[in-house]
$ cat final_11.tsv   # TSV, C-alpha atoms
chain	number	residue	atom	x	y	z
A	1	MET	CA	76.52	87.01	123.01
A	2	LEU	CA	78.51	84.61	120.86
A	3	LEU	CA	79.20	82.41	123.87
A	4	ALA	CA	75.50	82.27	124.68
A	5	GLU	CA	74.79	81.12	121.16
A	6	ILE	CA	77.53	78.50	121.26
A	7	VAL	CA	76.70	76.98	124.63
A	8	PRO	CA	73.80	74.75	123.49
A	9	THR	CA	76.09	73.14	120.92
A	10	TRP	CA	78.27	71.80	123.73
A	11	TYR	CA	75.49	69.34	124.44
A	12	LEU	CA	76.47	67.66	121.18
A	13	LEU	CA	79.65	66.41	122.80
A	14	PRO	CA	78.03	63.90	125.20
A	15	LEU	CA	75.46	63.12	122.52
A	16	ALA	CA	78.21	62.14	120.07
A	17	MET	CA	79.88	59.98	122.72
A	18	VAL	CA	76.65	58.19	123.55
A	19	ILE	CA	75.73	57.59	119.92
A	20	SER	CA	79.22	56.27	119.18
A	21	LEU	CA	79.21	53.90	122.14
A	22	VAL	CA	75.76	52.50	121.52
A	23	TYR	CA	76.25	52.16	117.77
A	24	SER	CA	79.61	50.41	118.19
A	25	ALA	CA	78.18	48.16	120.89
A	26	SER	CA	75.48	47.06	118.50
A	27	ARG	CA	78.08	46.22	115.83
A	28	TYR	CA	80.63	44.26	117.88
A	29	GLU	CA	80.74	42.09	120.97
A	30	LEU	CA	84.22	42.41	122.44
A	31	PRO	CA	84.70	45.31	124.88
A	32	ASP	CA	88.06	46.51	123.58
A	33	VAL	CA	86.80	46.48	119.99
A	34	ILE	CA	83.69	48.38	121.01
A	35	LEU	CA	85.69	51.06	122.82
A	36	LYS	CA	88.20	51.43	120.01
A	37	ARG	CA	85.51	51.69	117.33
A	38	ALA	CA	83.44	54.05	119.47
A	39	PHE	CA	86.40	56.39	119.92
A	40	ARG	CA	87.02	56.49	116.19
A	41	LEU	CA	83.37	57.08	115.39
A	42	CYS	CA	83.12	59.81	118.02
A	43	MET	CA	86.13	61.60	116.57
A	44	THR	CA	84.67	61.31	113.07
A	45	ILE	CA	81.35	62.77	114.20
A	46	LEU	CA	83.00	65.63	116.08
A	47	ILE	CA	85.31	66.52	113.21
A	48	ALA	CA	82.43	66.43	110.72
A	49	MET	CA	80.29	68.56	113.04
A	50	SER	CA	83.15	71.01	113.53
A	51	ILE	CA	83.60	71.40	109.79
A	52	ALA	CA	79.87	71.92	109.31
A	53	PHE	CA	79.83	74.42	112.16
A	54	ALA	CA	82.78	76.32	110.73
A	55	VAL	CA	81.22	76.48	107.26
A	56	LEU	CA	77.88	77.67	108.60
A	57	TRP	CA	79.54	80.17	110.89
A	58	GLY	CA	81.57	81.49	108.00
A	59	LEU	CA	78.55	81.78	105.73
A	60	SER	CA	76.57	83.61	108.41
A	61	TYR	CA	79.41	85.93	109.36
A	62	GLY	CA	78.20	89.50	109.47
A	63	LEU	CA	74.51	88.62	109.21
B	64	MET	CA	77.36	26.19	125.88
B	65	ILE	CA	76.61	27.45	122.43
B	66	GLU	CA	79.48	29.09	120.65
B	67	SER	CA	79.77	30.92	117.43
B	68	ASN	CA	81.09	28.82	114.59
B	69	THR	CA	84.12	31.08	114.57
B	70	THR	CA	85.28	29.13	117.60
B	71	SER	CA	84.47	25.65	116.46
B	72	GLY	CA	87.12	25.32	113.82
B	73	GLN	CA	84.87	26.57	111.08
B	74	PRO	CA	85.64	30.20	110.54
B	75	ALA	CA	82.94	32.52	109.43
B	76	PRO	CA	82.82	33.24	105.72
B	77	GLY	CA	85.52	35.72	104.93
B	78	GLY	CA	86.98	35.73	108.42
B	79	THR	CA	88.69	33.71	111.09
B	80	ALA	CA	88.57	34.07	114.82
B	81	ASP	CA	91.22	33.56	117.42
B	82	GLY	CA	89.50	33.23	120.76
B	83	GLN	CA	86.69	31.31	122.34
B	84	HIS	CA	83.67	33.57	122.40
B	85	PRO	CA	80.39	32.17	123.62
B	86	ALA	CA	77.36	33.51	121.77
B	87	LEU	CA	75.49	34.38	124.92
B	88	TRP	CA	72.50	35.84	123.10
B	89	LEU	CA	71.66	32.36	121.80
B	90	GLU	CA	71.53	30.79	125.24
B	91	ALA	CA	68.67	32.88	126.62
B	92	ASN	CA	65.08	33.12	125.53
B	93	PRO	CA	65.08	35.80	122.81
B	94	TRP	CA	61.53	36.91	123.57
B	95	ILE	CA	62.22	37.51	127.24
B	96	ALA	CA	65.50	39.23	126.40
B	97	GLY	CA	63.85	41.44	123.79
B	98	ILE	CA	61.01	42.47	126.07
B	99	LEU	CA	63.44	43.21	128.90
B	100	ALA	CA	65.62	45.23	126.52
B	101	PHE	CA	62.59	47.28	125.53
B	102	LEU	CA	61.38	47.89	129.07
B	103	ILE	CA	64.77	48.82	130.51
B	104	PRO	CA	67.64	49.54	128.13
B	105	GLY	CA	70.39	47.04	128.86
B	106	ALA	CA	68.21	44.74	130.96
B	107	GLY	CA	68.01	42.17	128.19
B	108	HIS	CA	71.79	42.03	128.01
B	109	PHE	CA	72.04	41.65	131.78
B	110	TYR	CA	69.60	38.75	131.49
B	111	GLN	CA	71.87	37.17	128.88
B	112	GLY	CA	74.98	37.76	130.98
B	113	ARG	CA	76.44	40.37	128.61
B	114	TRP	CA	77.31	42.76	131.38
B	115	PHE	CA	79.61	45.15	129.57
B	116	LYS	CA	77.22	45.87	126.73
B	117	GLY	CA	74.29	45.95	129.13
B	118	ALA	CA	76.04	48.64	131.13
B	119	ILE	CA	76.75	50.67	127.98
B	120	TYR	CA	73.11	50.55	126.91
B	121	PHE	CA	71.77	51.14	130.40
B	122	PHE	CA	73.86	54.19	131.23
B	123	CYS	CA	74.04	55.70	127.75
B	124	ILE	CA	70.38	55.38	126.76
B	125	LEU	CA	68.82	56.06	130.14
B	126	GLY	CA	71.36	58.79	130.81
B	127	THR	CA	70.49	60.49	127.53
B	128	PHE	CA	66.77	60.18	128.16
B	129	ILE	CA	66.88	61.41	131.75
B	130	GLY	CA	69.39	64.11	130.80
B	131	GLY	CA	66.97	65.35	128.16
B	132	MET	CA	64.11	65.39	130.64
B	133	LYS	CA	66.21	67.29	133.15
B	134	LEU	CA	67.36	69.76	130.51
B	135	GLY	CA	63.75	70.40	129.48
B	136	GLU	CA	62.61	70.74	133.10
B	137	GLY	CA	60.42	67.66	132.84
B	138	VAL	CA	58.14	69.06	130.13
B	139	VAL	CA	59.63	67.10	127.26
B	140	VAL	CA	58.00	63.68	127.28
B	141	TYR	CA	54.21	63.71	127.21
B	142	HIS	CA	51.24	62.29	125.40
B	143	LYS	CA	48.09	64.24	124.70
B	144	ALA	CA	45.17	61.85	124.84
B	145	ASP	CA	42.96	64.11	122.76
B	146	THR	CA	44.86	63.04	119.66
B	147	ARG	CA	43.82	59.74	118.14
B	148	PHE	CA	47.37	58.42	117.75
B	149	PRO	CA	50.51	59.25	119.69
B	150	THR	CA	52.48	62.02	118.10
B	151	PHE	CA	55.61	61.16	116.15
B	152	TRP	CA	57.65	62.65	118.98
B	153	TYR	CA	56.07	60.56	121.69
B	154	ALA	CA	56.13	57.39	119.58
B	155	THR	CA	59.88	57.82	119.17
B	156	GLN	CA	60.40	58.60	122.84
B	157	LEU	CA	58.35	55.52	123.67
B	158	LEU	CA	61.04	53.37	122.06
B	159	ALA	CA	63.19	54.16	125.09
B	160	GLY	CA	60.92	51.76	126.94
B	161	GLY	CA	59.44	51.70	130.39
B	162	ILE	CA	60.61	55.15	131.37
B	163	ALA	CA	58.39	56.72	128.68
B	164	ILE	CA	55.31	54.55	129.27
B	165	PRO	CA	53.92	56.60	132.20
B	166	ALA	CA	53.40	59.51	129.79
B	167	TYR	CA	50.66	57.54	128.06
B	168	PHE	CA	48.69	57.01	131.26
B	169	GLN	CA	49.38	60.55	132.46
B	170	GLY	CA	47.84	61.73	129.19
B	171	LEU	CA	44.70	59.74	129.96
B	172	ARG	CA	44.59	61.07	133.54
B	173	ALA	CA	45.04	64.65	132.34
B	174	ALA	CA	42.25	64.26	129.78
B	175	ASN	CA	39.78	63.21	132.47
B	176	PRO	CA	36.98	65.82	132.71
B	177	ASP	CA	37.59	66.08	136.46
B	178	ASN	CA	41.05	67.46	135.78
B	179	ARG	CA	40.22	71.06	134.95
B	180	SER	CA	41.11	74.50	136.14
B	181	VAL	CA	39.41	75.55	139.35
B	182	ASP	CA	37.54	78.84	139.46
B	183	LEU	CA	35.59	80.52	142.22
B	184	ALA	CA	32.56	78.37	141.63
B	185	GLY	CA	34.67	75.24	141.94
B	186	ILE	CA	35.76	75.87	145.51
B	187	THR	CA	33.50	74.12	147.97
B	188	SER	CA	35.89	74.13	150.93
B	189	PRO	CA	38.85	76.38	151.81
B	190	ILE	CA	42.08	75.62	149.98
B	191	THR	CA	45.49	76.31	151.53
B	192	ILE	CA	48.42	76.12	149.13
B	193	PRO	CA	52.01	77.36	148.99
B	194	PHE	CA	52.52	80.13	146.47
B	195	GLU	CA	55.50	81.49	144.59
B	196	GLY	CA	55.29	84.14	141.94
B	197	GLU	CA	54.70	87.85	141.69
B	198	LEU	CA	52.39	90.50	143.05
B	199	LYS	CA	51.46	92.71	140.12
B	200	ALA	CA	50.07	96.15	140.70
B	201	ILE	CA	48.13	97.95	137.96
B	202	GLY	CA	46.88	101.50	137.97
B	203	PRO	CA	47.69	104.70	139.80
B	204	GLY	CA	49.86	104.40	142.91
B	205	ARG	CA	51.38	101.11	141.83
B	206	ASP	CA	54.98	102.13	142.46
B	207	GLY	CA	56.59	100.06	145.20
B	208	VAL	CA	53.52	97.87	145.68
B	209	GLY	CA	54.38	94.85	143.54
B	210	GLY	CA	57.33	92.50	143.52
B	211	PRO	CA	58.35	88.86	143.86
B	212	ALA	CA	55.90	87.13	146.20
B	213	ARG	CA	56.25	83.96	148.22
B	214	GLY	CA	54.06	82.57	150.95
B	215	THR	CA	50.83	80.73	151.65
B	216	LEU	CA	47.46	81.26	150.01
B	217	THR	CA	44.23	80.39	151.77
B	218	ILE	CA	41.35	80.60	149.31
B	219	THR	CA	37.63	80.52	149.96
B	220	SER	CA	34.71	81.59	147.84
B	221	GLU	CA	31.34	82.82	148.95
B	222	ARG	CA	28.21	82.49	146.89
B	223	LEU	CA	26.35	85.73	146.39
B	224	ALA	CA	23.04	86.50	144.77
B	225	PHE	CA	24.83	86.94	141.44
B	226	GLY	CA	28.01	84.88	141.22
B	227	TYR	CA	30.78	84.29	143.72
B	228	GLU	CA	33.18	86.45	145.71
B	229	LEU	CA	36.76	85.56	146.47
B	230	GLY	CA	37.84	85.32	150.09
B	231	GLY	CA	40.91	84.22	151.98
B	232	ARG	CA	44.39	85.61	152.66
B	233	PHE	CA	47.90	85.67	151.34
B	234	LYS	CA	50.55	85.49	154.06
B	235	GLY	CA	54.20	85.73	153.10
B	236	THR	CA	56.65	88.17	151.64
B	237	VAL	CA	56.56	90.59	148.72
B	238	GLY	CA	60.09	91.62	147.92
B	239	ASP	CA	61.64	91.93	151.38
B	240	ARG	CA	58.41	92.97	153.13
B	241	ASP	CA	56.27	90.67	155.26
B	242	VAL	CA	52.65	90.93	154.16
B	243	ASP	CA	49.26	89.61	155.17
B	244	LEU	CA	46.88	90.56	152.39
B	245	PRO	CA	43.16	89.81	152.07
B	246	LEU	CA	42.00	88.25	148.82
B	247	GLY	CA	39.01	89.84	147.17
B	248	GLY	CA	37.24	90.51	143.93
B	249	SER	CA	36.28	87.95	141.38
B	250	ARG	CA	39.53	86.83	139.82
B	251	LEU	CA	40.73	83.32	140.64
B	252	VAL	CA	42.45	80.75	138.47
B	253	LEU	CA	43.90	77.55	139.82
B	254	GLY	CA	45.35	75.39	137.06
B	255	PRO	CA	44.50	71.70	136.62
B	256	ARG	CA	45.87	69.33	139.25
B	257	ILE	CA	47.46	66.99	136.69
B	258	GLY	CA	49.68	68.65	134.13
B	259	GLY	CA	53.20	69.15	132.88
B	260	GLY	CA	55.58	71.40	134.72
B	261	ALA	CA	56.39	71.48	138.38
B	262	GLY	CA	54.03	74.38	139.09
B	263	ARG	CA	50.25	74.63	138.95
B	264	ALA	CA	49.19	78.08	137.70
B	265	VAL	CA	47.59	80.40	140.25
B	266	GLU	CA	46.02	83.82	139.76
B	267	ALA	CA	44.11	85.58	142.52
B	268	SER	CA	43.11	89.19	142.98
B	269	ILE	CA	43.90	91.08	146.19
B	270	GLY	CA	41.14	92.96	147.99
B	271	LYS	CA	40.96	96.74	148.13
B	272	ASN	CA	42.94	98.56	150.79
B	273	PRO	CA	41.44	101.87	152.02
B	274	ASN	CA	44.93	103.41	152.13
B	275	ASP	CA	45.61	102.67	148.46
B	276	HIS	CA	44.41	104.58	145.43
B	277	PRO	CA	40.83	103.47	144.67
B	278	GLU	CA	41.73	102.48	141.14
B	279	LEU	CA	44.78	100.43	142.11
B	280	GLN	CA	44.40	96.73	141.30
B	281	ARG	CA	46.66	94.02	142.67
B	282	LEU	CA	46.95	90.52	141.32
B	283	LEU	CA	48.93	87.52	142.50
B	284	ILE	CA	50.29	85.58	139.54
B	285	GLY	CA	52.44	82.51	140.07
B	286	THR	CA	52.42	78.81	140.75
B	287	THR	CA	51.87	76.29	143.48
B	288	PRO	CA	53.90	73.07	143.40
B	289	ARG	CA	52.48	69.95	141.85
B	290	SER	CA	53.18	66.54	143.31
B	291	PHE	CA	55.58	64.28	141.43
B	292	ILE	CA	52.77	61.86	140.62
B	293	ASP	CA	50.69	64.63	139.06
B	294	SER	CA	53.46	66.22	137.03
B	295	PHE	CA	55.77	63.39	135.89
B	296	GLU	CA	55.45	63.11	132.09
B	297	ALA	CA	52.03	64.76	132.21
B	298	PRO	CA	51.00	66.89	129.22
B	299	PRO	CA	51.59	70.61	129.78
B	300	ASP	CA	49.12	73.26	128.73
B	301	GLN	CA	50.10	75.74	126.03
B	302	ALA	CA	50.88	78.50	128.52
B	303	THR	CA	53.36	76.29	130.36
B	304	LEU	CA	54.99	75.26	127.08
B	305	ASN	CA	55.28	78.86	125.98
B	306	GLU	CA	56.83	79.88	129.28
B	307	ILE	CA	59.33	77.01	129.24
B	308	TYR	CA	60.29	77.70	125.65
B	309	ARG	CA	60.67	81.42	126.30
B	310	ARG	CA	63.01	80.65	129.19
B	311	LEU	CA	65.02	77.76	127.72
B	312	GLY	CA	65.04	78.63	124.02
B	313	PRO	CA	67.23	76.22	122.01
B	314	ARG	CA	67.91	74.18	125.15
B	315	TYR	CA	64.33	72.94	125.02
B	316	ASP	CA	64.86	71.75	121.44
B	317	MET	CA	68.07	70.06	122.53
B	318	ALA	CA	66.21	68.39	125.39
B	319	VAL	CA	63.64	66.97	122.96
B	320	VAL	CA	66.43	65.75	120.68
B	321	PHE	CA	68.08	63.96	123.61
B	322	THR	CA	64.93	61.99	124.39
B	323	LEU	CA	64.27	61.20	120.73
B	324	ILE	CA	67.79	59.91	120.22
B	325	ALA	CA	67.55	57.82	123.37
B	326	GLY	CA	64.48	56.13	121.92
B	327	LEU	CA	66.15	55.48	118.58
B	328	LEU	CA	69.30	54.15	120.25
B	329	ASN	CA	67.23	51.64	122.19
B	330	LEU	CA	66.25	50.10	118.86
B	331	PHE	CA	69.92	49.18	118.40
B	332	ALA	CA	69.97	47.70	121.89
B	333	ILE	CA	66.84	45.61	121.33
B	334	TRP	CA	68.09	44.35	117.99
B	335	ASP	CA	71.50	43.48	119.41
B	336	CYS	CA	69.85	41.71	122.31
B	337	VAL	CA	67.75	39.47	120.08
B	338	GLU	CA	69.98	38.94	117.07
B	339	GLY	CA	73.48	39.54	118.40
B	340	PRO	CA	76.08	42.01	117.18
B	341	ALA	CA	75.71	42.97	113.54
B	342	TYR	CA	79.37	42.56	112.55
B	343	GLY	CA	80.36	39.69	114.82
B	344	PHE	CA	82.66	39.63	117.79
B	345	GLY	CA	85.13	42.05	116.30
B	346	ASP	CA	88.31	39.98	116.34
B	347	GLU	CA	87.71	38.05	113.14
B	348	LYS	CA	90.72	38.27	110.84
B	349	PRO	CA	90.33	38.92	107.13
B	350	ARG	CA	90.76	35.68	105.20
B	351	GLU	CA	93.54	35.74	102.63
B	352	ARG	CA	92.56	34.60	99.18
B	353	THR	CA	94.95	33.99	96.37
B	354	ALA	CA	94.01	33.62	92.80
B	355	THR	CA	95.88	30.44	92.14
B	356	ALA	CA	93.37	28.69	90.01
B	357	THR	CA	94.20	29.05	86.40
B	358	ASN	CA	90.58	29.33	85.46
B	359	SER	CA	89.95	32.05	88.02
B	360	PRO	CA	88.83	35.33	86.52
B	361	LEU	CA	91.19	37.06	88.92
B	362	ALA	CA	94.18	35.38	87.36
B	363	THR	CA	93.60	37.27	84.15
B	364	LEU	CA	93.35	40.67	85.78
B	365	PRO	CA	96.26	43.10	86.07
B	366	ALA	CA	98.40	42.70	89.17
B	367	ALA	CA	97.24	45.95	90.73
B	368	THR	CA	93.63	44.88	90.43
B	369	THR	CA	94.14	41.47	91.97
B	370	ALA	CA	96.28	42.87	94.78
B	371	ALA	CA	93.53	45.23	95.71
B	372	SER	CA	90.92	42.53	95.83
B	373	VAL	CA	92.62	39.57	97.46
B	374	THR	CA	91.91	40.82	100.96
B	375	THR	CA	88.27	40.87	101.78
B	376	LYS	CA	86.52	42.53	104.65
B	377	PRO	CA	85.53	40.30	107.52
B	378	ALA	CA	82.03	39.04	107.16
B	379	PRO	CA	79.60	38.79	110.04
B	380	ALA	CA	80.26	35.81	112.26
B	381	ILE	CA	77.49	33.35	111.56
B	382	VAL	CA	76.15	31.54	114.53
B	383	GLN	CA	74.19	28.36	114.75
B	384	ARG	CA	71.45	27.53	117.14
B	385	THR	CA	71.55	24.07	118.67

$ encode --input "final_11.tsv" --output "structure tokens"
Amino acid sequence: MLLAEIVPTWYLLPLAMVISLVYSASRYELPDVILKRAFRLCMTILIAMSIAFAVLWGLSYGL
Amino acid sequence: MIESNTTSGQPAPGGTADGQHPALWLEANPWIAGILAFLIPGAGHFYQGRWFKGAIYFFCILGTFIGGMKLGEGVVVYHKADTRFPTFWYATQLLAGGIAIPAYFQGLRAANPDNRSVDLAGITSPITIPFEGELKAIGPGRDGVGGPARGTLTITSERLAFGYELGGRFKGTVGDRDVDLPLGGSRLVLGPRIGGGAGRAVEASIGKNPNDHPELQRLLIGTTPRSFIDSFEAPPDQATLNEIYRRLGPRYDMAVVFTLIAGLLNLFAIWDCVEGPAYGFGDEKPRERTATATNSPLATLPAATTAASVTTKPAPAIVQRT
């Protein structure tokens, strides 16, 4: 049951990658800079989302 | 060739550049590039010769949009022409460009009075359609009668003194049994030809069988495939939406989010195509500044304060049109 609830959130992974790539591409012009910045942004988004997920999961534990 | 002033010996304010970087977005017509970028994400960049960024926009934005449509089984992007203005959702999806434009015209086609559900009175010549769905049995003696049904429906209607009577046959399988059932009664629904979802709703009652209980009623409920032209980005009816949402649950919401984000991301692409990258090329070095002037306010500040402020962030590379 838990797995079924979690599965849709996996779609956030490609979404975060796409958003990072497109956003970084709109900020810079050089390919290596774009890729480096996109990787950093993607990691930031995923870590922030993970923290938010963990907090919400903890708050809803036992509900 | 036009180059950014970071390459012409005049570094951008607050930054210096090492390499020779042509400002390709200044060499092409910005209007054409912008329109291309709107119609097909990345196309404006291809037109300008910015292949790497064009590929990022093309695959990321279109991939997100098409992925969302696939995830939502094609019933995610639509426009209902009965509303005066496009909904917020469709307006945002429309930012993704040409791929969302057909929804507007499909909305107009679907709103045409000719596009309505067909009932018995609407059948003027026999209709033969593939069918997939379920045979439902209601009433006494229903056990073992119903089940998943698949086959071909031939539908006719005959005008009587008072109303119409359903005729035709259903040939196919119910469960693992081969069946050839006569249609009968007065129940027929054939959904509109143009609409969202791959299937057009079908309901037809089965005629009485002398061997069955007299009160047993059988009903075929299912769908017949729509053509791609009639279903692509066409507005679904409420029943189709309810069925999709019941089946997909949060995945449908995620599918909508994918298409919305694709539209918003294309704004970045269009802007970048017309105006260039927001922060410059990306290899500008921070310019060192030292507070050597005796009348500089920085010279009077504590050392820790001046040390923290002598290095400035690189400013956007300013380009000049020639």

$ atom_distance --input "final_11.tsv" --atom1 "atom CA of B:Ala100" --atom2 "atom CA of B:Asn329"
7.9 Å

$ atom_distance --input "final_11.tsv" --atom1 "atom CA of B:Ala163" --atom2 "atom CA of B:Asp145"
18.1 Å

$ interface_residues --input "final_11.tsv" --of "chain A" --to "chain B" --cutoff "8 Å" --atoms "all atoms listed in the file" --output "list in words"
Pro8, Tyr11, Leu15, Val18, Ile19, Leu21, Val22, Tyr23, Ala25, Ser26, Arg27, Tyr28, Glu29, Leu30, Pro31 and Val33 of chain A

$ atom_distance --input "final_11.tsv" --atom1 "atom CA of B:Thr155" --atom2 "atom CA of B:Ile98"
16.9 Å

$ residues_around --input "final_11.tsv" --residues "B:Val242" --least-positions-apart "5" --cutoff "12 Å" --atoms "only C-alpha atoms" --output "CSV table (one decimal) with C-alpha atoms, in the frame of the given file"
chain,number,residue,atom,x,y,z
B,198,LEU,CA,52.4,90.5,143.0
B,208,VAL,CA,53.5,97.9,145.7
B,209,GLY,CA,54.4,94.8,143.5
B,210,GLY,CA,57.3,92.5,143.5
B,211,PRO,CA,58.4,88.9,143.9
B,212,ALA,CA,55.9,87.1,146.2
B,213,ARG,CA,56.2,84.0,148.2
B,214,GLY,CA,54.1,82.6,151.0
B,215,THR,CA,50.8,80.7,151.6
B,216,LEU,CA,47.5,81.3,150.0
B,232,ARG,CA,44.4,85.6,152.7
B,233,PHE,CA,47.9,85.7,151.3
B,234,LYS,CA,50.6,85.5,154.1
B,235,GLY,CA,54.2,85.7,153.1
B,236,THR,CA,56.6,88.2,151.6
B,237,VAL,CA,56.6,90.6,148.7
B,269,ILE,CA,43.9,91.1,146.2

$ residues_around --input "final_11.tsv" --residues "A:Leu46" --least-positions-apart "4" --cutoff "12 Å" --atoms "all atoms listed in the file" --output "PyMOL selection string"
chain A and resi 9-17+19-20+39-42+50-54

$ residues_around --input "final_11.tsv" --residues "B:Ile162" --least-positions-apart "2" --cutoff "8 Å" --atoms "all atoms listed in the file" --output "list of chain:residue names"
B:Leu102, B:Ile103, B:Ala159, B:Gly160, B:Ile164, B:Pro165

$ write_last_selection --input "final_11.tsv" --atoms "C-alpha atoms" --output "PDB file, keeping the file's coordinate frame"
ATOM      1  CA  LEU B 102      61.380  47.890 129.070  1.00  0.00           C
ATOM      2  CA  ILE B 103      64.770  48.820 130.510  1.00  0.00           C
ATOM      3  CA  ALA B 159      63.190  54.160 125.090  1.00  0.00           C
ATOM      4  CA  GLY B 160      60.920  51.760 126.940  1.00  0.00           C
ATOM      5  CA  ILE B 164      55.310  54.550 129.270  1.00  0.00           C
ATOM      6  CA  PRO B 165      53.920  56.600 132.200  1.00  0.00           C
TER       7      PRO B 165
END

$ decode --input "final_11.tsv" --residues "stretch 219-239 of chain B" --atoms "N, CA and C atoms" --output "PDB file, in the first residue's frame"
ATOM      1  N   THR B 219     -28.994  -1.622 -36.262  1.00  0.00           N
ATOM      2  CA  THR B 219     -30.013  -1.018 -37.130  1.00  0.00           C
ATOM      3  C   THR B 219     -31.149  -0.543 -36.223  1.00  0.00           C
ATOM      4  N   SER B 220     -31.975   0.301 -36.723  1.00  0.00           N
ATOM      5  CA  SER B 220     -33.167   0.668 -35.959  1.00  0.00           C
ATOM      6  C   SER B 220     -34.364   0.708 -36.918  1.00  0.00           C
ATOM      7  N   GLU B 221     -35.477   0.268 -36.401  1.00  0.00           N
ATOM      8  CA  GLU B 221     -36.679   0.215 -37.232  1.00  0.00           C
ATOM      9  C   GLU B 221     -37.734   1.123 -36.626  1.00  0.00           C
ATOM     10  N   ARG B 222     -38.333   1.920 -37.493  1.00  0.00           N
ATOM     11  CA  ARG B 222     -39.347   2.853 -36.988  1.00  0.00           C
ATOM     12  C   ARG B 222     -40.676   2.112 -36.833  1.00  0.00           C
ATOM     13  N   LEU B 223     -41.245   2.259 -35.662  1.00  0.00           N
ATOM     14  CA  LEU B 223     -42.542   1.650 -35.386  1.00  0.00           C
ATOM     15  C   LEU B 223     -43.603   2.747 -35.304  1.00  0.00           C
ATOM     16  N   ALA B 224     -44.805   2.326 -35.001  1.00  0.00           N
ATOM     17  CA  ALA B 224     -45.879   3.315 -34.889  1.00  0.00           C
ATOM     18  C   ALA B 224     -45.578   4.317 -33.769  1.00  0.00           C
ATOM     19  N   PHE B 225     -44.990   3.790 -32.673  1.00  0.00           N
ATOM     20  CA  PHE B 225     -44.646   4.675 -31.556  1.00  0.00           C
ATOM     21  C   PHE B 225     -43.164   4.457 -31.237  1.00  0.00           C
ATOM     22  N   GLY B 226     -42.318   5.237 -31.795  1.00  0.00           N
ATOM     23  CA  GLY B 226     -40.885   5.149 -31.481  1.00  0.00           C
ATOM     24  C   GLY B 226     -40.126   4.227 -32.417  1.00  0.00           C
ATOM     25  N   TYR B 227     -38.984   3.753 -31.904  1.00  0.00           N
ATOM     26  CA  TYR B 227     -38.070   2.943 -32.716  1.00  0.00           C
ATOM     27  C   TYR B 227     -37.748   1.650 -31.975  1.00  0.00           C
ATOM     28  N   GLU B 228     -37.352   0.625 -32.728  1.00  0.00           N
ATOM     29  CA  GLU B 228     -36.911  -0.620 -32.108  1.00  0.00           C
ATOM     30  C   GLU B 228     -35.519  -0.950 -32.606  1.00  0.00           C
ATOM     31  N   LEU B 229     -34.709  -1.407 -31.645  1.00  0.00           N
ATOM     32  CA  LEU B 229     -33.312  -1.717 -31.937  1.00  0.00           C
ATOM     33  C   LEU B 229     -33.209  -3.059 -32.654  1.00  0.00           C
ATOM     34  N   GLY B 230     -32.366  -3.098 -33.679  1.00  0.00           N
ATOM     35  CA  GLY B 230     -32.110  -4.353 -34.377  1.00  0.00           C
ATOM     36  C   GLY B 230     -30.617  -4.518 -34.582  1.00  0.00           C
ATOM     37  N   GLY B 231     -30.227  -5.676 -35.087  1.00  0.00           N
ATOM     38  CA  GLY B 231     -28.814  -5.903 -35.344  1.00  0.00           C
ATOM     39  C   GLY B 231     -28.285  -7.076 -34.537  1.00  0.00           C
ATOM     40  N   ARG B 232     -26.987  -7.271 -34.537  1.00  0.00           N
ATOM     41  CA  ARG B 232     -26.396  -8.422 -33.848  1.00  0.00           C
ATOM     42  C   ARG B 232     -25.074  -8.044 -33.202  1.00  0.00           C
ATOM     43  N   PHE B 233     -24.734  -8.811 -32.194  1.00  0.00           N
ATOM     44  CA  PHE B 233     -23.391  -8.733 -31.624  1.00  0.00           C
ATOM     45  C   PHE B 233     -22.714 -10.082 -31.833  1.00  0.00           C
ATOM     46  N   LYS B 234     -21.625 -10.090 -32.577  1.00  0.00           N
ATOM     47  CA  LYS B 234     -20.869 -11.318 -32.819  1.00  0.00           C
ATOM     48  C   LYS B 234     -19.492 -11.158 -32.177  1.00  0.00           C
ATOM     49  N   GLY B 235     -19.127 -12.108 -31.360  1.00  0.00           N
ATOM     50  CA  GLY B 235     -17.820 -12.029 -30.705  1.00  0.00           C
ATOM     51  C   GLY B 235     -17.712 -13.021 -29.582  1.00  0.00           C
ATOM     52  N   THR B 236     -17.073 -12.608 -28.530  1.00  0.00           N
ATOM     53  CA  THR B 236     -16.881 -13.475 -27.373  1.00  0.00           C
ATOM     54  C   THR B 236     -17.351 -12.765 -26.112  1.00  0.00           C
ATOM     55  N   VAL B 237     -17.920 -13.557 -25.200  1.00  0.00           N
ATOM     56  CA  VAL B 237     -18.230 -13.089 -23.848  1.00  0.00           C
ATOM     57  C   VAL B 237     -17.503 -14.035 -22.908  1.00  0.00           C
ATOM     58  N   GLY B 238     -16.527 -13.512 -22.201  1.00  0.00           N
ATOM     59  CA  GLY B 238     -15.650 -14.394 -21.431  1.00  0.00           C
ATOM     60  C   GLY B 238     -14.857 -15.253 -22.412  1.00  0.00           C
ATOM     61  N   ASP B 239     -14.976 -16.562 -22.302  1.00  0.00           N
ATOM     62  CA  ASP B 239     -14.299 -17.436 -23.275  1.00  0.00           C
ATOM     63  C   ASP B 239     -15.299 -18.139 -24.184  1.00  0.00           C
TER      64      ASP B 239
END
